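One structure is given here, and the rest of the page talks about it.
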Amino acid sequence: MLHRLPLSLAAAFGLAGAAFADPITLTDQAGRTVTLPKAAERIASIPIPMASTIIAMDGGTSKLVGMNPTAKSAIVEGVLGKIFPEAKDIPSDITAPNFIPNVEELAATNPELVIQWADYGADLVDPISNAGLNVALISYGTEEKTRYYHEMVATAMGKPERAVAINGWRDTVAQELAEKTKAIPADKRPKVLYLGRALENMTASGNKGNYNAWYIDLVGGVNASADVEGNGTTISPEQIAEWNPDVILLNSFEAKLGIDRIYNDPILSLTKAAQEKKVYKMPLGGYRWDPPSQESPLTWMWLANLLHPDVFQYDLRAEMKRAYKALYNYDLGEDDIDGILWTQMQGDATNYAQFKAK
């Protein structure tokens with residue numbers, strides 16, 4: 001069954017939303033009231049994930065005037081760079097490391113709205129406000145927060161229907177997954193380890209505030225690193241061997257990271273995940289599929305099919321085509337899908353043949 005977005009494609013995505021001339025008032029994720037004289041047509045985004053979100057909410061790049069350099073690399077390296085080749089020319093010098101705004105470069109983009117983090121202190125916000133720029137703050141890392149900032153940026157752009165459609169899609173898929181996984185007994189739920197970093201230092205996260213743990217549970221798995229204190233904690237191969245996960249997920253943030261990292265390691269290659277060829281690299285689509293984004297339901301379907309192919313048989317390639325047409329007005333090709341899903345790298349990984357083109 002294909003998961004249609006709740007609004008028609010034409011109504012929600014194919015037509016440009018009305019550019020509201022009236023002032024727009026919204027509450028950001030720091031509880032601040034932000035008032036814009038009209039729908040924002042020039043938005044600069046300092047947080048990494050928001051660049052592709054802005055593109056998805058607008059269906060194009062015309063309103064994104066500045067972004068984080070890491071966000072730009074994800075776009076240029078991924079399929080969005082093919083869909084929107086002009087994205088490579090959008091300035092990415094608006095922020096220094098650690099999300100410190102480069103106010104001069106930021107102001108040069110002439111933004112009507114700047115998106116910044118809500119949780120990292122006034123030093124990252126005050127320079128933007130003091131420069132006379134409108135700034136809205138987002139918080140990140142949970143499904144609820146993601147849905148809120150979708151609504152927030154769509155409202156700021158005068159296109160609230162976009163968030164209604166995207167969040168409605170999330171609701172539909174999440175509810176179906178939760179209903180089916182309720183019937184999966186505890187002894188049939190595989191231990192899944194997500195490695196946030198794996199090339200030099202390996203990192204894992206506990207359950208608290210961990211989006212990966214949230215969707216691992218959603219699709220009928222168990223977070224193998226649940227006992228870790230905090231997020232992004234450095235761990236050793238010996239610790240991983242002790243957990244002995246059934247499945248290992250490798251992050252999509254490290255461009256040079258491949259599944260051989262596990263298979264060539266003298267300790268990690270002995271884990272059940274490696275022995276049973278259940279090591280998978282997270283896909284890289286319009287944004288990285290590991291953290292929350294506008295494409296997250298595709299992540300959930302991908303992982304559900306891998307963990308429980310007897311329960312879930314999503315036609316992922318068809319779901320991806322439908323989603324990309326809706327999100328980006330793009331007809332996703334078979335080669336595009338192979339690249340997003342790393343089908344060549346994954347080779348003969350267990351259960352991965354289901355994702356190959358028929």
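Convention: chains lettered A, B, ... in structure tokens order; per-chain residue numbering from 1; ligands numbered from 1 as shown.
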Could you make a table, as a tab-separated table, of the residues of stretch 287-323 of chain A that have an atom within 12 Å of an atom of stretch 213-216 of chain A, each with its nearest atom pair and distance in Å to one decimal, counting only C-alpha atoms, in chain and number order?
residue	atom	partner	partner_atom	distance
A:Trp289	CA	A:Tyr215	CA	11.4
A:Asp290	CA	A:Tyr215	CA	9.8
A:Pro291	CA	A:Tyr215	CA	9.9
A:Pro292	CA	A:Tyr215	CA	9.8
A:Ser296	CA	A:Tyr215	CA	9.4
A:Pro297	CA	A:Tyr215	CA	9.7
A:Leu298	CA	A:Tyr215	CA	11.4
A:Thr299	CA	A:Tyr215	CA	8.7
A:Trp300	CA	A:Tyr215	CA	6.6
A:Met301	CA	A:Tyr215	CA	10.1
A:Trp302	CA	A:Tyr215	CA	11.1
A:Leu303	CA	A:Ile216	CA	7.8
A:Ala304	CA	A:Ile216	CA	8.5
A:Asn305	CA	A:Ile216	CA	12.0
A:Leu306	CA	A:Ile216	CA	11.2
A:Leu307	CA	A:Ile216	CA	9.3
A:His308	CA	A:Ile216	CA	11.6
Sel. of strand (DSSP E) residues, stretch 10-118 of chain A, as a PyMOL selection string | chain A and resi 24-27+33-36+43-45+64-67+113-117
Restrict the calculation to only C-alpha atoms, then for each residue of stretch 154-230 of chain A with any atom at most 8 Å from an atom of stretch 49-65 of chain A give the closest atom pair and their distance in Å to one decimal, rows by chain and rising residue number, as JSON lines.
{"residue": "A:Ala154", "atom": "CA", "partner": "A:Met57", "partner_atom": "CA", "distance": 6.1}
{"residue": "A:Met157", "atom": "CA", "partner": "A:Asp58", "partner_atom": "CA", "distance": 7.8}
{"residue": "A:Lys159", "atom": "CA", "partner": "A:Met57", "partner_atom": "CA", "distance": 7.5}
{"residue": "A:Arg162", "atom": "CA", "partner": "A:Met57", "partner_atom": "CA", "distance": 5.7}
{"residue": "A:Ala163", "atom": "CA", "partner": "A:Met57", "partner_atom": "CA", "distance": 7.0}
Would you save the residues of that selection, restricted to C-alpha atoms, as a short mmCIF file (atom, residue, chain, number, x, y, z; two decimals), in the first residue's frame?
data_model
loop_
_atom_site.label_atom_id
_atom_site.label_comp_id
_atom_site.auth_asym_id
_atom_site.auth_seq_id
_atom_site.Cartn_x
_atom_site.Cartn_y
_atom_site.Cartn_z
CA ALA A 154 5.74 26.67 6.78
CA MET A 157 6.59 31.18 4.49
CA LYS A 159 2.41 27.92 3.28
CA ARG A 162 2.79 22.11 3.40
CA ALA A 163 3.33 21.23 7.04
#
Can you pull out every residue within 8 Å of A:Glu105, counting only C-alpha atoms, but drop anything in the same chain fewer than 3 positions away, and send it as a VMD selection string?
-> chain A and resid 93 to 94 102 108 to 109
Please produce, as JSON lines, a per-residue contact table for stretch 91-189 of chain A versus stretch 220-239 of chain A (criterion: any atom at most 12 Å away, only C-alpha atoms considered), showing the nearest atom pair and its distance in Å to one decimal, sorted by chain then residue number.
{"residue": "A:Gly141", "atom": "CA", "partner": "A:Asn231", "partner_atom": "CA", "distance": 10.9}
{"residue": "A:Ala174", "atom": "CA", "partner": "A:Gly220", "partner_atom": "CA", "distance": 11.9}
{"residue": "A:Leu177", "atom": "CA", "partner": "A:Gly220", "partner_atom": "CA", "distance": 8.5}
{"residue": "A:Ala178", "atom": "CA", "partner": "A:Gly220", "partner_atom": "CA", "distance": 8.3}
{"residue": "A:Glu179", "atom": "CA", "partner": "A:Gly220", "partner_atom": "CA", "distance": 10.5}
{"residue": "A:Lys180", "atom": "CA", "partner": "A:Gly220", "partner_atom": "CA", "distance": 8.7}
{"residue": "A:Thr181", "atom": "CA", "partner": "A:Gly220", "partner_atom": "CA", "distance": 5.3}
{"residue": "A:Lys182", "atom": "CA", "partner": "A:Gly220", "partner_atom": "CA", "distance": 8.1}
{"residue": "A:Ala183", "atom": "CA", "partner": "A:Gly220", "partner_atom": "CA", "distance": 9.3}
{"residue": "A:Ile184", "atom": "CA", "partner": "A:Gly220", "partner_atom": "CA", "distance": 6.8}
{"residue": "A:Pro185", "atom": "CA", "partner": "A:Gly220", "partner_atom": "CA", "distance": 9.0}
{"residue": "A:Ala186", "atom": "CA", "partner": "A:Gly220", "partner_atom": "CA", "distance": 8.8}
{"residue": "A:Asp187", "atom": "CA", "partner": "A:Gly221", "partner_atom": "CA", "distance": 10.2}
{"residue": "A:Lys188", "atom": "CA", "partner": "A:Gly220", "partner_atom": "CA", "distance": 8.5}
{"residue": "A:Arg189", "atom": "CA", "partner": "A:Gly221", "partner_atom": "CA", "distance": 4.8}
d(atom CA of A:Ile48, atom CA of A:Thr70) in Å = 6.4 Å
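Comparing the minimum interatomic distances between A:Glu334 and each of A:Lys321, A:Val173, A:Met67, A:Gly258, counting only C-alpha atoms, we find that A:Lys321 sits nearest.
Here the question is which of A:Ala71, A:Leu270, A:Ala30, A:Ile259 gets nearest to A:Tyr140 using only C-alpha atoms, and that residue is A:Ala30.
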Between A:Gly168, A:Gly285, A:Gly209, A:Pro190, single out the one closest to A:Trp243, counting only C-alpha atoms.
->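 The closest residue to A:Trp243 is A:Pro190.
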Helix (DSSP H, G or I) call set, DSSP backbone run, stretch 24-127 of chain A, as a VMD selection string = chain A and resid 50 to 58 69 to 77 79 to 83 85 to 89 97 to 99 103 to 108 122 to 124 126 to 127
Pick from A:Tyr149, A:Tyr120, A:Trp169, A:Phe99, whichever lies nearest to A:Arg322 using only C-alpha atoms | A:Trp169
Tell me which of A:Ala136, A:Met345, A:Leu316, A:Leu193 sits closest to A:Ala357, counting only C-alpha atoms.
-> A:Leu316
